[in-house]
>>> print(open('model-v3.cif').read())   # mmCIF, C-alpha atoms
data_upload
#
loop_
_atom_site.label_atom_id
_atom_site.label_comp_id
_atom_site.auth_asym_id
_atom_site.auth_seq_id
_atom_site.Cartn_x
_atom_site.Cartn_y
_atom_site.Cartn_z
CA MET A 73 12.61 -14.95 -6.67
CA THR A 74 10.37 -13.24 -4.13
CA ASP A 75 9.33 -9.59 -4.38
CA LEU A 76 11.57 -8.83 -1.41
CA ALA A 77 14.64 -10.53 -2.88
CA ASP A 78 14.04 -8.90 -6.24
CA ALA A 79 13.79 -5.46 -4.60
CA ALA A 80 16.93 -6.06 -2.56
CA THR A 81 18.86 -7.16 -5.64
CA ARG A 82 17.83 -4.05 -7.57
CA SER A 83 18.75 -1.84 -4.62
CA GLN A 84 22.21 -3.35 -4.33
CA THR A 85 22.94 -2.65 -7.98
CA ASP A 86 21.73 0.94 -7.73
CA GLY A 87 24.34 2.23 -5.31
CA PRO A 88 26.82 1.47 -2.52
CA GLU A 89 25.22 -0.75 0.07
CA SER A 90 27.18 0.92 2.83
CA ASN A 91 25.77 4.40 2.15
CA ALA A 92 22.64 4.60 4.34
CA ALA A 93 21.69 7.99 2.87
CA ASP A 94 21.82 6.77 -0.74
CA LEU A 95 18.40 7.56 -2.16
CA HIS A 96 18.35 4.30 -4.12
CA GLN A 97 18.66 2.22 -0.96
CA PRO A 98 15.52 1.10 0.89
CA VAL A 99 14.78 2.35 4.37
CA MET A 100 15.17 -0.62 6.71
CA PHE A 101 12.63 -0.90 9.53
CA MET A 102 13.17 -4.02 11.65
CA GLY A 103 14.36 -5.90 8.59
CA LEU A 104 11.56 -4.60 6.37
CA PRO A 105 12.86 -2.74 3.29
CA ILE A 106 10.64 0.20 2.36
CA LEU A 107 11.63 1.05 -1.18
CA ARG A 108 12.67 4.51 -2.33
CA ARG A 109 10.79 4.72 -5.60
CA THR A 110 8.86 7.30 -7.60
CA SER A 111 5.31 6.81 -8.82
CA GLN A 112 6.54 6.34 -12.39
CA ASP A 113 9.13 3.78 -11.26
CA MET A 114 6.37 1.70 -9.73
CA VAL A 115 4.06 2.07 -12.74
CA ASN A 116 6.85 0.71 -14.92
CA THR A 117 7.51 -2.13 -12.47
CA ILE A 118 3.84 -3.12 -12.35
CA CYS A 119 3.50 -3.08 -16.12
CA ARG A 120 6.62 -5.27 -16.48
CA HIS A 121 5.20 -7.80 -14.03
CA VAL A 122 1.88 -7.86 -15.88
CA GLU A 123 3.64 -8.41 -19.21
CA LYS A 124 5.70 -11.27 -17.75
CA ALA A 125 2.83 -12.67 -15.67
CA ALA A 126 5.20 -12.47 -12.69
CA HIS A 127 4.04 -12.08 -9.11
CA LEU A 128 4.27 -8.69 -7.40
CA ASN A 129 2.55 -8.07 -4.05
CA ILE A 130 2.47 -4.46 -2.88
CA ALA A 131 1.79 -3.09 0.61
CA PHE A 132 1.73 0.60 1.52
CA CYS A 133 3.35 1.20 4.90
CA ASN A 134 2.30 4.12 7.07
CA ALA A 135 3.24 4.67 10.71
CA ASN A 136 0.36 2.53 11.96
CA THR A 137 1.28 -0.33 9.62
CA LEU A 138 4.89 -0.29 10.77
CA LEU A 139 3.91 -0.10 14.42
CA LEU A 140 1.66 -3.13 13.93
CA ALA A 141 4.62 -4.92 12.33
CA HIS A 142 6.81 -3.97 15.29
CA ASP A 143 4.30 -5.49 17.71
CA ASP A 144 3.26 -8.55 15.69
CA GLU A 145 5.99 -10.87 14.43
CA ALA A 146 3.60 -12.83 12.21
CA TYR A 147 2.41 -9.66 10.48
CA ARG A 148 6.02 -8.54 10.09
CA ALA A 149 6.75 -11.85 8.34
CA THR A 150 3.79 -11.24 6.03
CA LEU A 151 5.07 -7.80 5.06
CA ALA A 152 8.57 -9.22 4.59
CA SER A 153 7.24 -11.29 1.69
CA MET A 154 5.78 -8.21 -0.06
CA THR A 155 7.09 -5.14 -1.87
CA LEU A 156 6.79 -2.22 0.56
CA LEU A 157 6.15 1.41 -0.34
CA ASN A 158 6.01 4.49 1.89
CA ASP A 159 2.67 5.99 2.85
CA GLY A 160 2.32 9.31 4.63
CA ILE A 161 4.27 11.58 6.90
CA GLY A 162 4.94 8.86 9.47
CA ALA A 163 6.95 6.77 7.01
CA ASP A 164 8.72 9.94 5.90
CA LEU A 165 9.69 10.75 9.49
CA ALA A 166 10.99 7.20 9.88
CA ALA A 167 13.19 7.68 6.82
CA ARG A 168 14.55 10.95 8.22
CA ILE A 169 15.29 9.38 11.61
CA LEU A 170 16.78 6.14 10.29
CA ASP A 171 18.61 7.39 7.20
CA GLY A 172 18.64 11.19 7.46
CA GLN A 173 16.79 11.53 4.15
CA PRO A 174 13.05 11.77 3.37
CA PHE A 175 11.35 9.79 0.63
CA ALA A 176 11.23 11.43 -2.80
CA GLU A 177 7.45 11.01 -3.04
CA ASN A 178 4.53 10.01 -0.85
CA LEU A 179 3.41 6.75 -2.46
CA ASN A 180 0.10 6.29 -0.65
CA GLY A 181 -2.31 3.95 -2.38
CA THR A 182 -5.10 6.51 -2.56
CA ASP A 183 -3.08 8.68 -4.93
CA PHE A 184 -0.90 6.03 -6.53
CA VAL A 185 -3.64 3.77 -7.91
CA PRO A 186 -5.31 6.53 -9.99
CA TYR A 187 -1.81 7.57 -11.12
CA LEU A 188 -1.20 3.98 -12.22
CA PHE A 189 -4.44 3.91 -14.20
CA GLU A 190 -3.55 7.21 -15.89
CA HIS A 191 0.08 6.40 -16.73
CA ALA A 192 0.12 2.63 -17.35
CA SER A 193 1.73 1.77 -20.68
CA ARG A 194 -0.87 -0.91 -21.38
CA PRO A 195 -4.54 -1.60 -20.65
CA LEU A 196 -5.08 -3.39 -17.36
CA ARG A 197 -7.74 -5.80 -16.21
CA VAL A 198 -8.62 -4.89 -12.62
CA TYR A 199 -10.54 -6.84 -9.98
CA MET A 200 -11.74 -5.00 -6.87
CA LEU A 201 -12.17 -6.84 -3.55
CA GLY A 202 -13.29 -5.23 -0.29
CA ALA A 203 -15.42 -2.50 1.31
CA LYS A 204 -19.23 -2.55 1.52
CA PRO A 205 -21.25 -3.83 -1.48
CA GLU A 206 -22.57 -0.42 -2.50
CA VAL A 207 -19.14 1.18 -2.03
CA VAL A 208 -17.11 -1.20 -4.18
CA SER A 209 -19.84 -1.15 -6.84
CA LYS A 210 -19.83 2.66 -6.96
CA ALA A 211 -16.03 2.79 -7.01
CA ARG A 212 -15.97 0.38 -9.95
CA GLU A 213 -18.52 2.46 -11.83
CA THR A 214 -16.55 5.66 -11.15
CA TRP A 215 -13.27 4.21 -12.37
CA ALA A 216 -14.84 2.61 -15.44
CA LYS A 217 -16.04 6.05 -16.55
CA ARG A 218 -12.82 7.85 -15.63
CA PHE A 219 -10.41 5.28 -17.10
CA PRO A 220 -12.12 3.66 -20.08
CA GLN A 221 -8.77 2.33 -21.36
CA HIS A 222 -8.82 -0.28 -18.58
CA VAL A 223 -11.23 -3.14 -17.95
CA PHE A 224 -12.67 -3.36 -14.44
CA CYS A 225 -13.45 -7.02 -14.80
CA GLY A 226 -15.13 -7.80 -11.50
CA HIS A 227 -15.75 -6.85 -7.89
CA GLN A 228 -16.65 -8.43 -4.58
CA ASP A 229 -17.39 -6.74 -1.28
CA GLY A 230 -15.29 -7.56 1.75
CA TYR A 231 -18.16 -8.77 3.94
CA PHE A 232 -18.50 -12.23 2.41
CA ASP A 233 -18.74 -15.30 4.65
CA ARG A 234 -15.16 -16.55 5.05
CA ASN A 235 -16.47 -20.09 4.53
CA PHE A 236 -16.89 -19.06 0.89
CA THR A 237 -13.36 -17.72 0.44
CA SER A 238 -12.59 -20.46 -2.05
CA ASP A 239 -15.53 -19.34 -4.20
CA VAL A 240 -14.30 -15.74 -4.08
CA LEU A 241 -10.83 -16.80 -5.17
CA ASP A 242 -12.33 -18.81 -8.02
CA ALA A 243 -14.34 -15.76 -9.11
CA VAL A 244 -11.20 -13.60 -9.10
CA ASN A 245 -9.30 -16.13 -11.21
CA ALA A 246 -12.20 -16.56 -13.62
CA ALA A 247 -12.14 -12.80 -14.32
CA GLN A 248 -8.46 -13.10 -15.37
CA PRO A 249 -7.31 -9.78 -13.87
CA ASP A 250 -3.84 -8.30 -14.19
CA LEU A 251 -4.28 -6.43 -10.92
CA LEU A 252 -6.18 -7.34 -7.75
CA LEU A 253 -6.96 -4.48 -5.37
CA VAL A 254 -7.79 -5.61 -1.83
CA ALA A 255 -9.46 -3.09 0.49
CA MET A 256 -9.82 -4.73 3.90
CA GLY A 257 -7.65 -2.44 6.01
CA ASN A 258 -4.40 -3.58 7.52
CA PRO A 259 -3.31 -6.03 8.68
CA ALA A 260 -6.27 -7.98 7.25
CA GLN A 261 -5.68 -7.14 3.58
CA GLU A 262 -2.00 -8.09 3.54
CA ARG A 263 -2.71 -11.29 5.42
CA PHE A 264 -5.51 -12.17 3.00
CA ILE A 265 -3.29 -11.59 -0.02
CA MET A 266 -0.35 -13.66 1.18
CA GLU A 267 -2.43 -16.43 2.77
CA HIS A 268 -4.16 -17.07 -0.55
CA ARG A 269 -1.42 -16.01 -2.97
CA GLU A 270 -0.75 -19.49 -4.32
CA ARG A 271 -4.42 -19.82 -5.26
CA LEU A 272 -4.51 -16.52 -7.12
CA SER A 273 -3.52 -16.51 -10.78
CA VAL A 274 -3.21 -12.71 -10.93
CA PRO A 275 0.21 -11.11 -11.52
CA VAL A 276 -0.09 -8.05 -9.26
CA THR A 277 -1.87 -7.68 -5.93
CA MET A 278 -2.12 -4.55 -3.84
CA GLY A 279 -3.56 -3.75 -0.41
CA ILE A 280 -5.21 -0.34 -0.68
CA GLY A 281 -7.06 0.38 2.58
CA ALA A 282 -9.91 2.91 2.26
CA LEU A 283 -9.37 3.70 -1.42
CA PHE A 284 -12.78 2.43 -2.53
CA ASP A 285 -14.46 4.62 0.10
CA PHE A 286 -12.60 7.68 -1.21
CA THR A 287 -13.32 6.80 -4.84
CA ALA A 288 -17.04 6.29 -4.15
CA GLN A 289 -16.97 9.58 -2.19
CA VAL A 290 -18.35 7.90 0.90
CA VAL A 291 -15.37 9.28 2.82
CA PRO A 292 -14.15 12.79 1.84
CA ARG A 293 -10.49 13.50 1.24
CA ALA A 294 -8.58 16.46 2.59
CA PRO A 295 -8.31 19.55 0.37
CA MET A 296 -5.34 19.48 -2.00
CA TRP A 297 -3.47 22.16 -0.05
CA MET A 298 -3.53 19.97 3.06
CA ARG A 299 -2.25 16.98 1.09
CA ARG A 300 0.57 19.03 -0.38
CA ALA A 301 1.45 20.33 3.07
CA LYS A 302 1.51 16.71 4.34
CA ILE A 303 -1.16 17.35 6.97
CA GLU A 304 -3.92 15.19 5.53
CA TRP A 305 -3.79 13.29 8.81
CA LEU A 306 -5.13 16.41 10.55
CA PHE A 307 -8.18 16.45 8.27
CA ARG A 308 -8.80 12.76 8.92
CA LEU A 309 -8.49 13.32 12.67
CA SER A 310 -11.06 16.12 12.51
CA ARG A 311 -13.47 13.76 10.73
CA GLU A 312 -12.96 10.70 12.96
CA PRO A 313 -11.59 11.91 16.31
CA LYS A 314 -12.78 8.94 18.38
CA ARG A 315 -11.19 6.36 16.07
CA LEU A 316 -7.99 8.21 15.23
CA LEU A 317 -7.10 10.33 18.28
CA HIS A 318 -5.15 7.59 20.03
CA ARG A 319 -3.39 6.56 16.80
CA TYR A 320 -2.32 10.12 15.96
CA THR A 321 -1.18 11.02 19.49
CA VAL A 322 -0.03 8.07 21.58
CA GLY A 323 0.50 5.90 18.52
CA ILE A 324 2.68 8.33 16.57
CA GLY A 325 4.66 9.19 19.69
CA ARG A 326 5.39 5.53 20.30
CA PHE A 327 6.26 5.03 16.63
CA LEU A 328 8.82 7.84 16.72
CA TRP A 329 10.31 6.35 19.90
CA VAL A 330 10.64 2.97 18.15
CA CYS A 331 12.37 4.65 15.19
CA ALA A 332 14.75 6.47 17.54
CA LYS A 333 15.63 3.21 19.31
CA LEU A 334 16.28 1.50 15.97
CA ARG A 335 18.55 4.37 14.99
CA LEU A 336 20.48 4.14 18.27
CA ARG A 337 20.78 0.37 17.94
CA ARG A 338 22.17 0.79 14.43
CA GLY A 339 24.72 3.30 15.71
CA ASP A 340 25.93 0.82 18.32
CA GLN A 341 26.66 -1.86 15.72
#
>>> encode(input="model-v3.cif", output="structure tokens")
Amino acid sequence: MTDLADAATRSQTDGPESNAADLHQPVMFMGLPILRRTSQDMVNTICRHVEKAAHLNIAFCNANTLLLAHDDEAYRATLASMTLLNDGIGADLAARILDGQPFAENLNGTDFVPYLFEHASRPLRVYMLGAKPEVVSKARETWAKRFPQHVFCGHQDGYFDRNFTSDVLDAVNAAQPDLLLVAMGNPAQERFIMEHRERLSVPVTMGIGALFDFTAQVVPRAPMWMRRAKIEWLFRLSREPKRLLHRYTVGIGRFLWVCAKLRLRRGDQ
């Protein structure tokens, strides 16, 4: 059973399928189910998959991710084969527009992965793939000191020659990880995971964006009060205005319009 089918089956047993505001039901965005889960729910799910050596492929969906999926059918198909979690205020706004209810928690990868390391019920073997060589190395060193109960069994930067992808996959498998973290940005990281999934003998994979950069403190995070107020995007915009201005103005406006159209279309059915 795929991650998506497994998630849908669990959702259907949690509550009435017809109740769109049921907090156990996923938020549907163009056929993509974004799960309503807590951090602890997902920690338990990951640990179960590790224990059973069963595949679980996680993608964190923010407004930009979902807009890319709206525009790119192939990327949407890639996400449809993964377990999708909500990331940021954009996904929360989508839930409010489409279902009238926000998500219980913001399950962004930057906060969730350290939470996983802290609350996992078993030691994990973790392989880290992506970012610049010095960044992924520093992130591995930082986590190894902070979470000595886990084994950070290998790392590889994301700038390798793609002609040597097979060698990278072999190195990942040789390290025998329980969890593979891929930091290539989206859509590249999700495409990489699913394109090579059959070659990977790791139970759980996760696309985690800029997490290594945050962990290595190459990129600063917003103060905690801004994160709690759900305006971390404003801090990021102030740091990278040229790269993010269009995304956080035109992009978010277009995303909200897409959500509104999906809501209207649902009402007409």
>>> residues_around(input="model-v3.cif", residues="Leu253 of chain A", least_positions_apart="3", cutoff="12 Å", atoms="all atoms listed in the file", output="PDB file with C-alpha atoms, in the coordinates of the input")
ATOM      1  CA  ASN A 129       2.550  -8.070  -4.050  1.00  0.00           C
ATOM      2  CA  ILE A 130       2.470  -4.460  -2.880  1.00  0.00           C
ATOM      3  CA  ALA A 131       1.790  -3.090   0.610  1.00  0.00           C
ATOM      4  CA  GLY A 181      -2.310   3.950  -2.380  1.00  0.00           C
ATOM      5  CA  THR A 182      -5.100   6.510  -2.560  1.00  0.00           C
ATOM      6  CA  VAL A 185      -3.640   3.770  -7.910  1.00  0.00           C
ATOM      7  CA  ARG A 197      -7.740  -5.800 -16.210  1.00  0.00           C
ATOM      8  CA  VAL A 198      -8.620  -4.890 -12.620  1.00  0.00           C
ATOM      9  CA  TYR A 199     -10.540  -6.840  -9.980  1.00  0.00           C
ATOM     10  CA  MET A 200     -11.740  -5.000  -6.870  1.00  0.00           C
ATOM     11  CA  LEU A 201     -12.170  -6.840  -3.550  1.00  0.00           C
ATOM     12  CA  GLY A 202     -13.290  -5.230  -0.290  1.00  0.00           C
ATOM     13  CA  ALA A 203     -15.420  -2.500   1.310  1.00  0.00           C
ATOM     14  CA  VAL A 208     -17.110  -1.200  -4.180  1.00  0.00           C
ATOM     15  CA  ALA A 211     -16.030   2.790  -7.010  1.00  0.00           C
ATOM     16  CA  ARG A 212     -15.970   0.380  -9.950  1.00  0.00           C
ATOM     17  CA  PHE A 224     -12.670  -3.360 -14.440  1.00  0.00           C
ATOM     18  CA  CYS A 225     -13.450  -7.020 -14.800  1.00  0.00           C
ATOM     19  CA  GLY A 226     -15.130  -7.800 -11.500  1.00  0.00           C
ATOM     20  CA  HIS A 227     -15.750  -6.850  -7.890  1.00  0.00           C
ATOM     21  CA  GLN A 228     -16.650  -8.430  -4.580  1.00  0.00           C
ATOM     22  CA  ASP A 229     -17.390  -6.740  -1.280  1.00  0.00           C
ATOM     23  CA  GLY A 230     -15.290  -7.560   1.750  1.00  0.00           C
ATOM     24  CA  VAL A 244     -11.200 -13.600  -9.100  1.00  0.00           C
ATOM     25  CA  PRO A 249      -7.310  -9.780 -13.870  1.00  0.00           C
ATOM     26  CA  ASP A 250      -3.840  -8.300 -14.190  1.00  0.00           C
ATOM     27  CA  MET A 256      -9.820  -4.730   3.900  1.00  0.00           C
ATOM     28  CA  GLY A 257      -7.650  -2.440   6.010  1.00  0.00           C
ATOM     29  CA  GLN A 261      -5.680  -7.140   3.580  1.00  0.00           C
ATOM     30  CA  GLU A 262      -2.000  -8.090   3.540  1.00  0.00           C
ATOM     31  CA  PHE A 264      -5.510 -12.170   3.000  1.00  0.00           C
ATOM     32  CA  ILE A 265      -3.290 -11.590  -0.020  1.00  0.00           C
ATOM     33  CA  VAL A 274      -3.210 -12.710 -10.930  1.00  0.00           C
ATOM     34  CA  PRO A 275       0.210 -11.110 -11.520  1.00  0.00           C
ATOM     35  CA  VAL A 276      -0.090  -8.050  -9.260  1.00  0.00           C
ATOM     36  CA  THR A 277      -1.870  -7.680  -5.930  1.00  0.00           C
ATOM     37  CA  MET A 278      -2.120  -4.550  -3.840  1.00  0.00           C
ATOM     38  CA  GLY A 279      -3.560  -3.750  -0.410  1.00  0.00           C
ATOM     39  CA  ILE A 280      -5.210  -0.340  -0.680  1.00  0.00           C
ATOM     40  CA  GLY A 281      -7.060   0.380   2.580  1.00  0.00           C
ATOM     41  CA  ALA A 282      -9.910   2.910   2.260  1.00  0.00           C
ATOM     42  CA  LEU A 283      -9.370   3.700  -1.420  1.00  0.00           C
ATOM     43  CA  PHE A 284     -12.780   2.430  -2.530  1.00  0.00           C
TER      44      PHE A 284
END
>>> residues_around(input="model-v3.cif", residues="Thr150 of chain A", least_positions_apart="3", cutoff="9 Å", atoms="only C-alpha atoms", output="PDB file with C-alpha atoms, in the frame of the given file")
ATOM      1  CA  ALA A 141       4.620  -4.920  12.330  1.00  0.00           C
ATOM      2  CA  GLU A 145       5.990 -10.870  14.430  1.00  0.00           C
ATOM      3  CA  ALA A 146       3.600 -12.830  12.210  1.00  0.00           C
ATOM      4  CA  TYR A 147       2.410  -9.660  10.480  1.00  0.00           C
ATOM      5  CA  SER A 153       7.240 -11.290   1.690  1.00  0.00           C
ATOM      6  CA  MET A 154       5.780  -8.210  -0.060  1.00  0.00           C
ATOM      7  CA  GLU A 262      -2.000  -8.090   3.540  1.00  0.00           C
ATOM      8  CA  ARG A 263      -2.710 -11.290   5.420  1.00  0.00           C
ATOM      9  CA  MET A 266      -0.350 -13.660   1.180  1.00  0.00           C
ATOM     10  CA  GLU A 267      -2.430 -16.430   2.770  1.00  0.00           C
TER      11      GLU A 267
END
>>> atom_distance(input="model-v3.cif", atom1="atom CA of Ala152 of chain A", atom2="atom CA of Ile106 of chain A")
9.9 Å
>>> residues_around(input="model-v3.cif", residues="Leu188 of chain A", least_positions_apart="2", cutoff="9 Å", atoms="all atoms listed in the file", output="list in words")
Ser111, Gln112, Met114, Val115, Ile118, Asp183, Phe184, Val185, Pro186, Glu190, His191 and Ala192 of chain A
>>> resolve_selection(input="model-v3.cif", expression="the PyMOL selection byres ((chain A and resi 132) around 7)", output="PDB file with C-alpha atoms, in the coordinates of the input")
ATOM      1  CA  ILE A 130       2.470  -4.460  -2.880  1.00  0.00           C
ATOM      2  CA  ALA A 131       1.790  -3.090   0.610  1.00  0.00           C
ATOM      3  CA  CYS A 133       3.350   1.200   4.900  1.00  0.00           C
ATOM      4  CA  ASN A 134       2.300   4.120   7.070  1.00  0.00           C
ATOM      5  CA  LEU A 156       6.790  -2.220   0.560  1.00  0.00           C
ATOM      6  CA  LEU A 157       6.150   1.410  -0.340  1.00  0.00           C
ATOM      7  CA  ASN A 158       6.010   4.490   1.890  1.00  0.00           C
ATOM      8  CA  ASP A 159       2.670   5.990   2.850  1.00  0.00           C
ATOM      9  CA  ASN A 180       0.100   6.290  -0.650  1.00  0.00           C
ATOM     10  CA  GLY A 181      -2.310   3.950  -2.380  1.00  0.00           C
TER      11      GLY A 181
END
>>> closest_residue(input="model-v3.cif", among="A:Met296, A:Ala216, A:Ala260, A:Ala288", to="Leu151 of chain A", atoms="all atoms listed in the file")
A:Ala260
>>> atom_distance(input="model-v3.cif", atom1="atom CA of Ala167 of chain A", atom2="atom CA of Leu317 of chain A")
23.5 Å
>>> residues_around(input="model-v3.cif", residues="Pro174 of chain A", least_positions_apart="4", cutoff="8 Å", atoms="all atoms listed in the file", output="count of residues only")
4
>>> atom_distance(input="model-v3.cif", atom1="atom CA of Gly103 of chain A", atom2="atom CA of Cys119 of chain A")
27.1 Å
>>> residues_near_point(input="model-v3.cif", point="(3.0, 11.7, 16.2)", cutoff="12 Å", atoms="only C-alpha atoms", output="PyMOL selection string")
chain A and resi 134-136+139+160-166+303+305-306+316-331
>>> resolve_selection(input="model-v3.cif", expression="the PyMOL selection byres ((chain A and resi 99) around 8)", output="ChimeraX atom specification")
/A:97-98,100-101,104-108,167,170-171
>>> decode(input="model-v3.cif", residues="segment 300-319 of chain A", atoms="N, CA, C and O atoms", output="PDB file, in the first residue's frame")
ATOM      1  N   ARG A 300       5.984  32.095  16.706  1.00  0.00           N
ATOM      2  CA  ARG A 300       4.721  31.842  17.406  1.00  0.00           C
ATOM      3  C   ARG A 300       3.586  32.685  16.841  1.00  0.00           C
ATOM      4  O   ARG A 300       2.435  32.260  16.824  1.00  0.00           O
ATOM      5  N   ALA A 301       3.912  33.873  16.366  1.00  0.00           N
ATOM      6  CA  ALA A 301       2.900  34.740  15.773  1.00  0.00           C
ATOM      7  C   ALA A 301       2.626  34.398  14.308  1.00  0.00           C
ATOM      8  O   ALA A 301       1.807  35.060  13.659  1.00  0.00           O
ATOM      9  N   LYS A 302       3.321  33.388  13.788  1.00  0.00           N
ATOM     10  CA  LYS A 302       3.148  32.911  12.412  1.00  0.00           C
ATOM     11  C   LYS A 302       3.521  33.978  11.381  1.00  0.00           C
ATOM     12  O   LYS A 302       2.917  34.079  10.311  1.00  0.00           O
ATOM     13  N   ILE A 303       4.556  34.756  11.701  1.00  0.00           N
ATOM     14  CA  ILE A 303       5.035  35.754  10.742  1.00  0.00           C
ATOM     15  C   ILE A 303       6.529  35.551  10.452  1.00  0.00           C
ATOM     16  O   ILE A 303       7.250  36.503  10.151  1.00  0.00           O
ATOM     17  N   GLU A 304       6.966  34.303  10.540  1.00  0.00           N
ATOM     18  CA  GLU A 304       8.352  34.015  10.197  1.00  0.00           C
ATOM     19  C   GLU A 304       8.654  34.396   8.745  1.00  0.00           C
ATOM     20  O   GLU A 304       9.779  34.774   8.410  1.00  0.00           O
ATOM     21  N   TRP A 305       7.627  34.308   7.903  1.00  0.00           N
ATOM     22  CA  TRP A 305       7.806  34.684   6.502  1.00  0.00           C
ATOM     23  C   TRP A 305       8.272  36.132   6.373  1.00  0.00           C
ATOM     24  O   TRP A 305       9.046  36.469   5.463  1.00  0.00           O
ATOM     25  N   LEU A 306       7.838  36.996   7.286  1.00  0.00           N
ATOM     26  CA  LEU A 306       8.217  38.408   7.234  1.00  0.00           C
ATOM     27  C   LEU A 306       9.709  38.565   7.533  1.00  0.00           C
ATOM     28  O   LEU A 306      10.401  39.374   6.905  1.00  0.00           O
ATOM     29  N   PHE A 307      10.216  37.786   8.462  1.00  0.00           N
ATOM     30  CA  PHE A 307      11.645  37.802   8.774  1.00  0.00           C
ATOM     31  C   PHE A 307      12.451  37.323   7.570  1.00  0.00           C
ATOM     32  O   PHE A 307      13.465  37.932   7.194  1.00  0.00           O
ATOM     33  N   ARG A 308      11.980  36.237   6.946  1.00  0.00           N
ATOM     34  CA  ARG A 308      12.695  35.705   5.783  1.00  0.00           C
ATOM     35  C   ARG A 308      12.681  36.711   4.640  1.00  0.00           C
ATOM     36  O   ARG A 308      13.685  36.880   3.932  1.00  0.00           O
ATOM     37  N   LEU A 309      11.560  37.397   4.458  1.00  0.00           N
ATOM     38  CA  LEU A 309      11.471  38.409   3.403  1.00  0.00           C
ATOM     39  C   LEU A 309      12.454  39.541   3.651  1.00  0.00           C
ATOM     40  O   LEU A 309      13.096  40.037   2.722  1.00  0.00           O
ATOM     41  N   SER A 310      12.606  39.939   4.921  1.00  0.00           N
ATOM     42  CA  SER A 310      13.532  41.024   5.247  1.00  0.00           C
ATOM     43  C   SER A 310      14.984  40.621   4.988  1.00  0.00           C
ATOM     44  O   SER A 310      15.829  41.471   4.711  1.00  0.00           O
ATOM     45  N   ARG A 311      15.267  39.319   5.067  1.00  0.00           N
ATOM     46  CA  ARG A 311      16.625  38.834   4.841  1.00  0.00           C
ATOM     47  C   ARG A 311      16.930  38.623   3.352  1.00  0.00           C
ATOM     48  O   ARG A 311      18.073  38.802   2.924  1.00  0.00           O
ATOM     49  N   GLU A 312      15.915  38.202   2.582  1.00  0.00           N
ATOM     50  CA  GLU A 312      16.127  37.890   1.172  1.00  0.00           C
ATOM     51  C   GLU A 312      15.040  38.546   0.316  1.00  0.00           C
ATOM     52  O   GLU A 312      14.255  37.842  -0.333  1.00  0.00           O
ATOM     53  N   PRO A 313      14.977  39.866   0.288  1.00  0.00           N
ATOM     54  CA  PRO A 313      13.876  40.528  -0.424  1.00  0.00           C
ATOM     55  C   PRO A 313      13.862  40.259  -1.926  1.00  0.00           C
ATOM     56  O   PRO A 313      12.792  40.085  -2.511  1.00  0.00           O
ATOM     57  N   LYS A 314      15.018  40.210  -2.567  1.00  0.00           N
ATOM     58  CA  LYS A 314      15.049  40.004  -4.013  1.00  0.00           C
ATOM     59  C   LYS A 314      14.508  38.625  -4.387  1.00  0.00           C
ATOM     60  O   LYS A 314      13.768  38.480  -5.370  1.00  0.00           O
ATOM     61  N   ARG A 315      14.874  37.607  -3.614  1.00  0.00           N
ATOM     62  CA  ARG A 315      14.447  36.247  -3.942  1.00  0.00           C
ATOM     63  C   ARG A 315      13.002  35.980  -3.556  1.00  0.00           C
ATOM     64  O   ARG A 315      12.290  35.251  -4.237  1.00  0.00           O
ATOM     65  N   LEU A 316      12.545  36.584  -2.455  1.00  0.00           N
ATOM     66  CA  LEU A 316      11.252  36.195  -1.890  1.00  0.00           C
ATOM     67  C   LEU A 316      10.129  37.199  -2.098  1.00  0.00           C
ATOM     68  O   LEU A 316       8.967  36.867  -1.835  1.00  0.00           O
ATOM     69  N   LEU A 317      10.439  38.422  -2.558  1.00  0.00           N
ATOM     70  CA  LEU A 317       9.381  39.433  -2.674  1.00  0.00           C
ATOM     71  C   LEU A 317       8.251  38.980  -3.593  1.00  0.00           C
ATOM     72  O   LEU A 317       7.068  39.080  -3.247  1.00  0.00           O
ATOM     73  N   HIS A 318       8.596  38.478  -4.760  1.00  0.00           N
ATOM     74  CA  HIS A 318       7.560  38.035  -5.698  1.00  0.00           C
ATOM     75  C   HIS A 318       6.754  36.882  -5.111  1.00  0.00           C
ATOM     76  O   HIS A 318       5.517  36.844  -5.229  1.00  0.00           O
ATOM     77  N   ARG A 319       7.439  35.929  -4.469  1.00  0.00           N
ATOM     78  CA  ARG A 319       6.745  34.771  -3.888  1.00  0.00           C
ATOM     79  C   ARG A 319       5.755  35.201  -2.814  1.00  0.00           C
ATOM     80  O   ARG A 319       4.650  34.667  -2.723  1.00  0.00           O
TER      81      ARG A 319
END
